[in-house]
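What follows is final25.txt (compact mmCIF, C-alpha atoms and all ligand atoms).
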# COMPACT_ATOMS: atom_id res chain seq x y z
CA MET A 188 92.34 82.67 111.78
CA ASN A 189 95.72 82.54 113.46
CA LEU A 190 96.59 86.22 113.42
CA SER A 191 100.23 87.28 113.80
CA LYS A 192 101.19 90.37 115.83
CA GLY A 193 101.57 92.16 112.53
CA TYR A 194 102.13 91.87 108.80
CA PHE A 195 104.55 93.52 106.40
CA VAL A 196 102.65 94.44 103.23
CA THR A 197 104.89 94.64 100.19
CA GLY A 198 104.03 94.89 96.51
CA THR A 199 105.15 94.13 93.00
CA ASP A 200 105.87 97.83 92.45
CA THR A 201 104.99 101.32 93.58
CA GLU A 202 101.40 102.51 92.92
CA ILE A 203 99.85 99.03 92.83
CA GLY A 204 97.56 99.23 95.86
CA LYS A 205 99.66 98.49 98.97
CA THR A 206 97.98 101.35 100.81
CA LEU A 207 94.53 100.15 99.73
CA VAL A 208 95.26 96.62 100.99
CA SER A 209 97.03 97.72 104.21
CA ALA A 210 94.28 100.15 105.20
CA ALA A 211 91.55 97.65 104.20
CA LEU A 212 93.23 95.05 106.44
CA LEU A 213 93.17 97.55 109.30
CA TRP A 214 89.51 98.32 108.63
CA LYS A 215 88.68 94.63 108.67
CA LEU A 216 90.64 93.94 111.87
CA ASN A 217 88.89 96.87 113.55
CA SER A 218 85.53 95.49 112.50
CA LEU A 219 86.50 92.21 114.22
CA GLY A 220 87.26 94.13 117.41
CA ILE A 221 91.05 93.76 117.11
CA ASP A 222 93.01 96.87 118.05
CA CYS A 223 95.46 97.67 115.31
CA ALA A 224 97.55 100.46 113.81
CA GLY A 225 99.28 101.11 110.53
CA PHE A 226 102.97 101.88 110.17
CA LYS A 227 105.05 103.12 107.25
CA PRO A 228 108.88 103.03 107.54
CA VAL A 229 109.38 106.03 105.22
CA VAL A 230 107.05 108.13 103.07
CA ALA A 231 108.07 110.19 100.08
CA GLY A 232 105.67 112.86 98.90
CA THR A 233 103.69 115.38 100.93
CA TYR A 234 100.93 117.89 100.24
CA ALA A 235 99.82 120.99 102.14
CA ALA A 236 96.86 120.66 104.50
CA GLN A 237 94.43 123.57 104.89
CA ASN A 238 96.30 124.69 108.02
CA GLY A 239 99.59 124.65 106.11
CA SER A 240 101.01 121.48 107.69
CA ARG A 241 102.49 118.80 105.42
CA LEU A 242 100.53 115.56 105.07
CA ASN A 243 101.12 112.29 103.25
CA GLU A 244 98.33 110.26 101.62
CA ASP A 245 99.56 106.86 102.81
CA ILE A 246 99.94 107.97 106.42
CA GLU A 247 96.48 109.55 106.39
CA SER A 248 94.87 106.41 104.92
CA LEU A 249 96.58 104.19 107.51
CA ARG A 250 95.75 106.65 110.29
CA ILE A 251 92.01 106.82 109.60
CA ALA A 252 91.89 103.01 109.44
CA SER A 253 93.82 102.50 112.70
CA THR A 254 92.02 101.93 115.99
CA SER A 255 91.42 105.26 117.68
CA LYS A 256 92.37 105.34 121.32
CA ALA A 257 90.59 108.17 123.08
CA GLN A 258 93.44 108.88 125.47
CA ARG A 259 95.90 109.70 122.67
CA PRO A 260 95.01 110.13 118.99
CA LEU A 261 97.71 108.83 116.66
CA SER A 262 99.86 111.47 114.99
CA ALA A 263 101.60 111.15 111.63
CA ASP A 264 104.92 110.84 113.51
CA ASP A 265 103.61 107.83 115.45
CA LEU A 266 102.96 106.05 112.17
CA CYS A 267 106.13 107.05 110.32
CA PRO A 268 109.60 108.13 111.46
CA TYR A 269 110.66 109.70 108.15
CA ILE A 270 108.32 112.01 106.23
CA LEU A 271 110.07 113.20 103.08
CA ASP A 272 108.60 115.85 100.80
CA ALA A 273 109.47 114.77 97.25
CA PRO A 274 107.56 111.85 95.62
CA ILE A 275 110.75 110.08 94.55
CA ALA A 276 112.86 107.08 95.58
CA PRO A 277 113.29 107.52 99.35
CA HIS A 278 117.10 107.30 99.44
CA LEU A 279 117.22 110.16 96.93
CA GLY A 280 114.58 112.22 98.73
CA ALA A 281 116.42 111.74 102.00
CA ALA A 282 119.78 112.75 100.50
CA SER A 283 118.27 115.91 99.05
CA GLN A 284 116.99 116.85 102.53
CA ASN A 285 120.31 115.85 104.17
CA ILE A 286 118.63 113.07 106.10
CA ALA A 287 120.21 109.65 106.66
CA LEU A 288 117.58 106.91 106.75
CA ASP A 289 118.51 104.04 109.01
CA VAL A 290 117.05 100.66 109.95
CA LYS A 291 117.55 101.16 113.71
CA THR A 292 115.48 104.36 113.82
CA ILE A 293 112.74 102.70 111.78
CA LEU A 294 112.77 99.60 114.00
CA SER A 295 112.55 101.59 117.22
CA ALA A 296 109.58 103.65 115.91
CA PHE A 297 107.87 100.39 114.92
CA LYS A 298 108.54 98.80 118.33
CA LYS A 299 107.16 101.87 120.09
CA LEU A 300 103.88 101.63 118.17
CA GLN A 301 103.76 97.87 118.75
CA GLN A 302 103.65 98.46 122.51
CA ASP A 303 100.22 100.11 122.20
CA PHE A 304 98.50 97.84 119.63
CA SER A 305 98.04 94.10 119.41
CA THR A 306 98.46 94.12 115.61
CA VAL A 307 100.53 96.49 113.47
CA ILE A 308 100.15 96.49 109.70
CA VAL A 309 103.31 97.81 108.04
CA GLU A 310 103.08 99.13 104.52
CA GLY A 311 106.40 98.81 102.71
CA VAL A 312 107.76 101.45 100.34
CA GLY A 313 107.54 100.69 96.62
CA GLY A 314 108.67 97.12 95.83
CA PHE A 315 110.45 94.73 98.21
CA LEU A 316 114.03 95.83 97.55
CA VAL A 317 113.69 99.61 97.35
CA PRO A 318 116.87 101.11 98.86
CA ILE A 319 116.74 103.31 101.93
CA ASN A 320 120.45 104.21 101.85
CA ASP A 321 123.69 103.01 100.24
CA VAL A 322 123.68 99.79 102.26
CA ASN A 323 120.14 98.82 103.25
CA ASN A 324 116.82 98.29 101.54
CA MET A 325 113.20 97.57 102.48
CA GLY A 326 113.99 93.84 102.60
CA ASP A 327 116.38 94.58 105.50
CA VAL A 328 113.64 96.59 107.22
CA ALA A 329 111.19 93.69 106.78
CA GLN A 330 113.77 91.27 108.24
CA SER A 331 114.40 93.51 111.23
CA PHE A 332 110.63 93.55 111.96
CA ASP A 333 110.47 89.76 111.57
CA LEU A 334 106.84 89.85 110.47
CA PRO A 335 105.08 87.58 107.97
CA VAL A 336 104.82 89.23 104.58
CA ILE A 337 101.74 89.83 102.42
CA LEU A 338 102.46 90.48 98.75
CA VAL A 339 100.12 92.74 96.78
CA VAL A 340 100.21 92.02 93.07
CA GLY A 341 99.07 94.89 90.86
CA MET A 342 97.29 92.98 88.09
CA ARG A 343 98.83 94.35 84.91
CA LEU A 344 101.02 92.91 82.17
CA GLY A 345 104.44 92.08 83.66
CA CYS A 346 103.10 91.29 87.11
CA ILE A 347 103.83 87.55 86.93
CA ASN A 348 107.55 88.13 86.70
CA HIS A 349 107.48 90.92 89.32
CA ALA A 350 105.47 88.75 91.70
CA LEU A 351 107.74 85.72 91.35
CA LEU A 352 110.91 87.79 91.77
CA SER A 353 109.41 89.34 94.91
CA CYS A 354 108.51 85.89 96.30
CA GLU A 355 112.07 84.65 95.74
CA ALA A 356 113.52 87.64 97.57
CA ILE A 357 111.09 87.23 100.49
CA VAL A 358 111.75 83.50 100.84
CA GLN A 359 115.51 83.96 100.43
CA ARG A 360 115.45 86.26 103.47
CA LYS A 361 113.75 83.52 105.44
CA LEU A 362 110.60 85.57 105.96
CA LYS A 363 107.26 83.84 105.99
CA LEU A 364 105.11 84.65 102.96
CA ALA A 365 101.70 84.69 104.64
CA GLY A 366 99.65 85.27 101.52
CA TRP A 367 99.15 87.35 98.42
CA VAL A 368 96.43 89.66 97.12
CA ALA A 369 95.56 90.40 93.50
CA ASN A 370 94.57 94.04 92.99
CA SER A 371 92.80 94.88 89.77
CA LEU A 372 93.92 98.54 89.49
CA ASN A 373 91.90 100.99 87.44
CA ALA A 374 91.28 98.80 84.40
CA PRO A 375 90.98 95.01 84.62
CA MET A 376 93.75 93.37 82.58
CA PRO A 377 92.97 91.04 79.65
CA MET A 378 92.76 87.40 80.78
CA LEU A 379 92.69 88.46 84.41
CA GLN A 380 91.53 85.08 85.73
CA GLU A 381 94.15 83.18 83.71
CA ASN A 382 96.86 85.46 85.12
CA ILE A 383 95.59 84.86 88.64
CA ASP A 384 95.60 81.11 88.00
CA ALA A 385 99.20 81.29 86.76
CA LEU A 386 100.19 83.09 89.97
CA LYS A 387 98.22 80.71 92.19
CA LYS A 388 100.18 77.80 90.74
CA ARG A 389 103.53 79.45 91.37
CA ILE A 390 103.26 81.50 94.57
CA PRO A 391 103.96 79.30 97.61
CA ALA A 392 101.37 81.01 99.84
CA PRO A 393 97.58 81.34 100.11
CA PHE A 394 95.67 83.58 97.75
CA LEU A 395 93.82 86.04 100.00
CA GLY A 396 91.54 87.49 97.34
CA LEU A 397 91.00 89.68 94.31
CA ILE A 398 90.13 93.35 94.79
CA PRO A 399 88.14 94.47 91.75
CA SER A 400 88.64 97.87 90.11
CA LEU A 401 87.18 100.57 92.33
CA SER A 402 84.17 102.28 90.86
CA GLN A 403 84.57 105.97 90.16
CA HIS A 404 83.10 107.19 93.46
CA LEU A 405 85.55 105.00 95.43
CA VAL A 406 88.72 105.99 93.60
CA LYS A 407 91.15 107.86 95.82
CA PRO A 408 91.20 111.60 95.14
CA GLN A 409 94.62 113.19 94.74
CA ASN A 410 96.17 114.56 97.94
CA ALA A 411 93.65 112.80 100.15
CA PRO A 412 93.33 109.43 101.86
CA TYR A 413 91.12 106.56 100.70
CA SER A 414 87.53 106.88 101.89
CA ILE A 415 86.29 104.47 104.56
CA GLU A 416 83.80 103.26 101.95
CA ALA A 417 86.64 102.31 99.58
CA LEU A 418 88.46 100.48 102.40
CA ALA A 419 85.31 98.58 103.36
CA PHE A 420 84.78 97.61 99.72
CA ALA A 421 88.36 96.29 99.40
CA ALA A 422 88.14 94.53 102.78
CA LYS A 423 85.07 92.60 101.63
CA HIS A 424 87.29 90.86 99.08
CA LEU A 425 90.01 89.75 101.53
CA ASN A 426 89.83 86.37 103.25
CA LEU A 427 91.73 86.66 106.52
CA GLU A 428 90.73 83.13 107.50
CA LEU A 429 93.59 81.98 105.28
CA LEU A 430 96.26 83.86 107.24
N1 LIG A 501 91.42 98.30 92.85
C1 LIG A 501 91.69 99.52 92.38
N2 LIG A 501 90.86 100.11 91.50
C2 LIG A 501 91.10 101.33 91.00
N3 LIG A 501 92.17 102.09 91.34
C3 LIG A 501 93.04 101.57 92.23
C4 LIG A 501 92.85 100.27 92.80
N4 LIG A 501 93.87 100.04 93.66
C5 LIG A 501 94.63 101.13 93.63
N5 LIG A 501 94.16 102.05 92.77
C6 LIG A 501 94.72 103.38 92.47
O1 LIG A 501 96.10 103.23 92.23
C7 LIG A 501 96.84 104.27 92.86
C8 LIG A 501 97.90 103.66 93.75
O2 LIG A 501 97.29 102.98 94.83
P1 LIG A 501 98.00 102.92 96.25
O3 LIG A 501 98.34 104.31 96.69
O4 LIG A 501 97.14 102.12 97.16
O5 LIG A 501 99.33 102.16 95.84
P2 LIG A 501 100.68 101.92 96.67
O6 LIG A 501 101.23 100.62 96.20
O7 LIG A 501 100.39 102.06 98.10
O8 LIG A 501 101.63 103.10 96.20
P3 LIG A 501 102.99 103.64 96.91
O9 LIG A 501 104.10 102.79 96.40
O10 LIG A 501 103.06 105.05 96.46
O11 LIG A 501 102.82 103.51 98.39
C9 LIG A 501 95.81 105.14 93.60
O12 LIG A 501 95.54 106.28 92.83
C10 LIG A 501 94.60 104.28 93.71
O13 LIG A 501 93.38 104.99 93.70
C1 LIG A 502 106.94 108.17 95.81
C2 LIG A 502 106.32 106.81 95.57
N1 LIG A 502 104.89 106.95 95.62
C3 LIG A 502 106.81 105.77 96.55
N2 LIG A 502 106.39 106.11 97.87
C4 LIG A 502 108.30 105.53 96.47
C5 LIG A 502 108.61 104.55 95.38
C6 LIG A 502 110.07 104.28 95.24
C7 LIG A 502 110.40 103.40 94.06
C8 LIG A 502 111.86 103.28 93.85
C9 LIG A 502 112.19 102.33 92.72
O1 LIG A 502 111.98 101.12 92.85
O2 LIG A 502 112.64 102.79 91.67
MG MG A 503 101.16 103.42 99.47

As a first step, turn the structure in this file into structure tokens.
Ligand SMILES: Nc1ncnc2c1ncn2[C@@H]1O[C@H](COP(=O)(O)OP(=O)(O)OP(=O)(O)O)[C@@H](O)[C@H]1O
Ligand SMILES: C[C@H](N)[C@H](N)CCCCCC(=O)O
Ligand SMILES: [Mg+2]
Amino acid sequence: MNLSKGYFVTGTDTEIGKTLVSAALLWKLNSLGIDCAGFKPVVAGTYAAQNGSRLNEDIESLRIASTSKAQRPLSADDLCPYILDAPIAPHLGAASQNIALDVKTILSAFKKLQQDFSTVIVEGVGGFLVPINDVNNMGDVAQSFDLPVILVVGMRLGCINHALLSCEAIVQRKLKLAGWVANSLNAPMPMLQENIDALKKRIPAPFLGLIPSLSQHLVKPQNAPYSIEALAFAAKHLNLELL
């Protein structure tokens, strides 16, 4: 395994398992004794914690899977510079809160976290080209981080086209495509293996594994992070030797 100082995890769409894969990667790195933290450039969608504070599911999943350093527990703000309330496209959520999202602010928050951890796993927002403002998108954020990219493919009808478009965009930006993960979602698609084979033939990067559908007790509850058990289950299906 020739681990990079971090990975940028993107996906074929929103809600296809980027958080599951990112947090599972963190869990696996931790189990190998590698200190690591999760990062999210922007989140859109919060819920109220019991003490009234606003939390986000992705940040909480990444936070519980990050290495805990006794001297200073990670806060949500360490993992994400922009926490927006509405579960909508981030440039719209930001505009409705009069916030201007910018690449420089995101990059400096990422660099700050990178100082304290040898590996940072960044979970992108939605698909690879989701806008953050009128000029920039997540592809620009990925380029500014200059990390190898891992593509999560949500295995459902339409994913072949979405995956290949994403690969073209990643390669066109001269980013390294380090590998891709097939995630089965809540119901395995018909001809799952044939679809995976079609992707294997066409994606110019190693196949890191297939995460099966989570059984009922592992499915993420609403307004809560993934359980450690779910992350460990997903991690078992990822082959980091290929990175
Ligand atoms: N392998 C799986 N089996 C069953 N359900 C899954 C699986 N992977 C993801 N899900 C479900 O799909 C939903 C979306 O997953 P997740 O939050 O990881 O996606 P995401 O790509 O990170 O979404 P977002 O774009 O909002 O960040 C969750 O409710 C999760 O429980
Ligand atoms: C709120 C949601 N869960 C994501 N965090 C944001 C997804 C933005 C998708 C934008 C788009 O491609 O149309
Ligand atoms: Mg997510």

- Quick one: residues within 10 Å of ligand MG 503 (chain A), with all atoms listed in the file, as a PyMOL selection string? chain A and resi 196-198+201-210+227+230-231+243-246+248-249+310-313

- Distance query 10 Å from (87.9, 99.3, 85.5) using all atoms listed in the file, result as an MDAnalysis selection string: chainID A and resid 371:376 399:403

Please, what is the axis-aligned box for every listed atom of ligand LIG 501 (chain A) with 5 Å on each side, as centre and edge lengths in Å to one decimal, as lines of an AutoDock Vina configuration file?
center_x = 97.5
center_y = 102.3
center_z = 94.7
size_x = 23.2
size_y = 18.0
size_z = 17.4

- Item | Nearest candidate to Ile286 of chain A (options A:Leu242, A:Val229, A:Leu430, A:Ile337; using only C-alpha atoms) | A:Val229

- Using all atoms listed in the file, which of the listed residues (A:Ala276, A:Val406, A:Val328, A:Val309) sits closest to Leu213 of chain A?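 Distance minimum relative to Leu213 of chain A lands on A:Val309.
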
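For Ala350 of chain A, the non-local neighbours within 9 Å, defined as residues at least 2 positions apart in the same chain or in other chains and counting all atoms listed in the file, are A:Gly198, A:Thr199, A:Leu338, A:Val339, A:Val340, A:Gly341, A:Gly345, A:Cys346, A:Ile347, A:Asn348, A:Leu352, A:Ser353, A:Cys354, A:Glu355, A:Leu386, A:Ile390.
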
- Excluding same-chain residues fewer than 3 positions from segment 216-224 of chain A, what lies within 7 Å of it counting all atoms listed in the file, as a ChimeraX atom specification? /A:212-213,253-254,304-308

For segment 262-373 of chain A, write C-alpha atoms out as a PDB file, in the first residue's frame.
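Once everything was written out, this is selection.pdb:
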ATOM      1  CA  SER A 262     -15.045  19.931  16.499  1.00  0.00           C
ATOM      2  CA  ALA A 263     -17.488  20.149  13.602  1.00  0.00           C
ATOM      3  CA  ASP A 264     -15.784  23.403  12.557  1.00  0.00           C
ATOM      4  CA  ASP A 265     -12.416  21.634  12.287  1.00  0.00           C
ATOM      5  CA  LEU A 266     -13.925  19.233   9.773  1.00  0.00           C
ATOM      6  CA  CYS A 267     -15.968  21.713   7.750  1.00  0.00           C
ATOM      7  CA  PRO A 268     -15.696  25.466   7.150  1.00  0.00           C
ATOM      8  CA  TYR A 269     -19.268  25.954   5.890  1.00  0.00           C
ATOM      9  CA  ILE A 270     -22.223  24.373   7.701  1.00  0.00           C
ATOM     10  CA  LEU A 271     -25.425  25.316   5.900  1.00  0.00           C
ATOM     11  CA  ASP A 272     -28.865  24.494   7.269  1.00  0.00           C
ATOM     12  CA  ALA A 273     -30.993  23.578   4.243  1.00  0.00           C
ATOM     13  CA  PRO A 274     -30.518  20.167   2.527  1.00  0.00           C
ATOM     14  CA  ILE A 275     -30.244  21.709  -0.942  1.00  0.00           C
ATOM     15  CA  ALA A 276     -27.571  22.509  -3.533  1.00  0.00           C
ATOM     16  CA  PRO A 277     -24.858  24.305  -1.530  1.00  0.00           C
ATOM     17  CA  HIS A 278     -24.618  27.428  -3.714  1.00  0.00           C
ATOM     18  CA  LEU A 279     -28.350  27.950  -3.191  1.00  0.00           C
ATOM     19  CA  GLY A 280     -28.217  27.229   0.540  1.00  0.00           C
ATOM     20  CA  ALA A 281     -25.321  29.642   0.903  1.00  0.00           C
ATOM     21  CA  ALA A 282     -27.096  32.398  -1.049  1.00  0.00           C
ATOM     22  CA  SER A 283     -30.197  32.035   1.116  1.00  0.00           C
ATOM     23  CA  GLN A 284     -28.033  32.520   4.233  1.00  0.00           C
ATOM     24  CA  ASN A 285     -26.092  35.405   2.609  1.00  0.00           C
ATOM     25  CA  ILE A 286     -22.875  33.420   2.695  1.00  0.00           C
ATOM     26  CA  ALA A 287     -20.327  33.432  -0.136  1.00  0.00           C
ATOM     27  CA  LEU A 288     -18.600  30.061  -0.452  1.00  0.00           C
ATOM     28  CA  ASP A 289     -15.049  30.330  -1.681  1.00  0.00           C
ATOM     29  CA  VAL A 290     -12.249  27.945  -2.624  1.00  0.00           C
ATOM     30  CA  LYS A 291      -9.581  29.822  -0.623  1.00  0.00           C
ATOM     31  CA  THR A 292     -11.470  29.521   2.671  1.00  0.00           C
ATOM     32  CA  ILE A 293     -12.088  25.825   2.027  1.00  0.00           C
ATOM     33  CA  LEU A 294      -8.434  25.231   1.115  1.00  0.00           C
ATOM     34  CA  SER A 295      -7.116  26.978   4.210  1.00  0.00           C
ATOM     35  CA  ALA A 296      -9.440  24.956   6.515  1.00  0.00           C
ATOM     36  CA  PHE A 297      -8.235  21.771   4.791  1.00  0.00           C
ATOM     37  CA  LYS A 298      -4.561  22.763   5.144  1.00  0.00           C
ATOM     38  CA  LYS A 299      -5.067  23.528   8.825  1.00  0.00           C
ATOM     39  CA  LEU A 300      -6.466  20.049   9.465  1.00  0.00           C
ATOM     40  CA  GLN A 301      -3.702  18.493   7.360  1.00  0.00           C
ATOM     41  CA  GLN A 302      -1.100  19.896   9.758  1.00  0.00           C
ATOM     42  CA  ASP A 303      -2.387  17.644  12.555  1.00  0.00           C
ATOM     43  CA  PHE A 304      -3.040  14.372  10.674  1.00  0.00           C
ATOM     44  CA  SER A 305      -0.929  12.279   8.345  1.00  0.00           C
ATOM     45  CA  THR A 306      -3.939  11.386   6.170  1.00  0.00           C
ATOM     46  CA  VAL A 307      -7.062  13.448   5.486  1.00  0.00           C
ATOM     47  CA  ILE A 308     -10.043  11.897   3.745  1.00  0.00           C
ATOM     48  CA  VAL A 309     -12.127  14.566   2.028  1.00  0.00           C
ATOM     49  CA  GLU A 310     -15.727  13.793   1.204  1.00  0.00           C
ATOM     50  CA  GLY A 311     -16.929  15.835  -1.759  1.00  0.00           C
ATOM     51  CA  VAL A 312     -20.400  17.349  -1.994  1.00  0.00           C
ATOM     52  CA  GLY A 313     -22.882  15.608  -4.300  1.00  0.00           C
ATOM     53  CA  GLY A 314     -21.301  14.729  -7.671  1.00  0.00           C
ATOM     54  CA  PHE A 315     -17.945  15.959  -8.991  1.00  0.00           C
ATOM     55  CA  LEU A 316     -19.106  19.225 -10.569  1.00  0.00           C
ATOM     56  CA  VAL A 317     -21.588  20.522  -7.993  1.00  0.00           C
ATOM     57  CA  PRO A 318     -21.287  24.335  -7.965  1.00  0.00           C
ATOM     58  CA  ILE A 319     -20.205  26.204  -4.856  1.00  0.00           C
ATOM     59  CA  ASN A 320     -20.793  29.675  -6.331  1.00  0.00           C
ATOM     60  CA  ASP A 321     -21.298  31.336  -9.731  1.00  0.00           C
ATOM     61  CA  VAL A 322     -17.729  30.586 -10.796  1.00  0.00           C
ATOM     62  CA  ASN A 323     -16.386  27.521  -8.985  1.00  0.00           C
ATOM     63  CA  ASN A 324     -17.443  23.947  -8.406  1.00  0.00           C
ATOM     64  CA  MET A 325     -16.292  20.915  -6.415  1.00  0.00           C
ATOM     65  CA  GLY A 326     -13.897  19.985  -9.236  1.00  0.00           C
ATOM     66  CA  ASP A 327     -12.044  23.263  -8.559  1.00  0.00           C
ATOM     67  CA  VAL A 328     -11.943  22.414  -4.849  1.00  0.00           C
ATOM     68  CA  ALA A 329     -10.530  18.952  -5.643  1.00  0.00           C
ATOM     69  CA  GLN A 330      -7.870  20.532  -7.890  1.00  0.00           C
ATOM     70  CA  SER A 331      -6.870  23.020  -5.217  1.00  0.00           C
ATOM     71  CA  PHE A 332      -6.356  20.123  -2.747  1.00  0.00           C
ATOM     72  CA  ASP A 333      -4.340  18.205  -5.363  1.00  0.00           C
ATOM     73  CA  LEU A 334      -5.303  14.842  -3.886  1.00  0.00           C
ATOM     74  CA  PRO A 335      -5.901  11.560  -5.712  1.00  0.00           C
ATOM     75  CA  VAL A 336      -9.594  10.943  -6.238  1.00  0.00           C
ATOM     76  CA  ILE A 337     -11.691   7.920  -5.276  1.00  0.00           C
ATOM     77  CA  LEU A 338     -14.986   7.598  -7.143  1.00  0.00           C
ATOM     78  CA  VAL A 339     -17.946   5.976  -5.392  1.00  0.00           C
ATOM     79  CA  VAL A 340     -20.443   4.516  -7.830  1.00  0.00           C
ATOM     80  CA  GLY A 341     -23.958   4.088  -6.460  1.00  0.00           C
ATOM     81  CA  MET A 342     -24.991   0.852  -8.184  1.00  0.00           C
ATOM     82  CA  ARG A 343     -28.329   1.690  -9.766  1.00  0.00           C
ATOM     83  CA  LEU A 344     -29.591   1.994 -13.327  1.00  0.00           C
ATOM     84  CA  GLY A 345     -27.874   4.981 -14.974  1.00  0.00           C
ATOM     85  CA  CYS A 346     -24.672   4.652 -12.975  1.00  0.00           C
ATOM     86  CA  ILE A 347     -22.520   3.567 -15.929  1.00  0.00           C
ATOM     87  CA  ASN A 348     -23.023   6.867 -17.699  1.00  0.00           C
ATOM     88  CA  HIS A 349     -22.665   8.885 -14.467  1.00  0.00           C
ATOM     89  CA  ALA A 350     -19.471   7.043 -13.572  1.00  0.00           C
ATOM     90  CA  LEU A 351     -17.865   7.499 -16.987  1.00  0.00           C
ATOM     91  CA  LEU A 352     -18.770  11.198 -17.140  1.00  0.00           C
ATOM     92  CA  SER A 353     -17.254  11.653 -13.677  1.00  0.00           C
ATOM     93  CA  CYS A 354     -14.057   9.855 -14.736  1.00  0.00           C
ATOM     94  CA  GLU A 355     -13.703  12.106 -17.793  1.00  0.00           C
ATOM     95  CA  ALA A 356     -14.078  15.222 -15.666  1.00  0.00           C
ATOM     96  CA  ILE A 357     -11.540  13.979 -13.098  1.00  0.00           C
ATOM     97  CA  VAL A 358      -8.973  13.012 -15.732  1.00  0.00           C
ATOM     98  CA  GLN A 359      -9.547  16.223 -17.698  1.00  0.00           C
ATOM     99  CA  ARG A 360      -8.554  18.180 -14.574  1.00  0.00           C
ATOM    100  CA  LYS A 361      -5.332  16.207 -14.435  1.00  0.00           C
ATOM    101  CA  LEU A 362      -6.212  14.637 -11.093  1.00  0.00           C
ATOM    102  CA  LYS A 363      -5.152  11.095 -10.384  1.00  0.00           C
ATOM    103  CA  LEU A 364      -8.061   8.651 -10.250  1.00  0.00           C
ATOM    104  CA  ALA A 365      -6.792   6.370  -7.487  1.00  0.00           C
ATOM    105  CA  GLY A 366      -9.631   3.884  -7.600  1.00  0.00           C
ATOM    106  CA  TRP A 367     -13.357   3.348  -7.555  1.00  0.00           C
ATOM    107  CA  VAL A 368     -15.823   1.654  -5.223  1.00  0.00           C
ATOM    108  CA  ALA A 369     -19.155   0.052  -6.131  1.00  0.00           C
ATOM    109  CA  ASN A 370     -21.790   0.650  -3.463  1.00  0.00           C
ATOM    110  CA  SER A 371     -24.865  -1.531  -3.603  1.00  0.00           C
ATOM    111  CA  LEU A 372     -27.327   0.915  -1.948  1.00  0.00           C
ATOM    112  CA  ASN A 373     -30.467  -0.372  -0.294  1.00  0.00           C
TER     113      ASN A 373
END
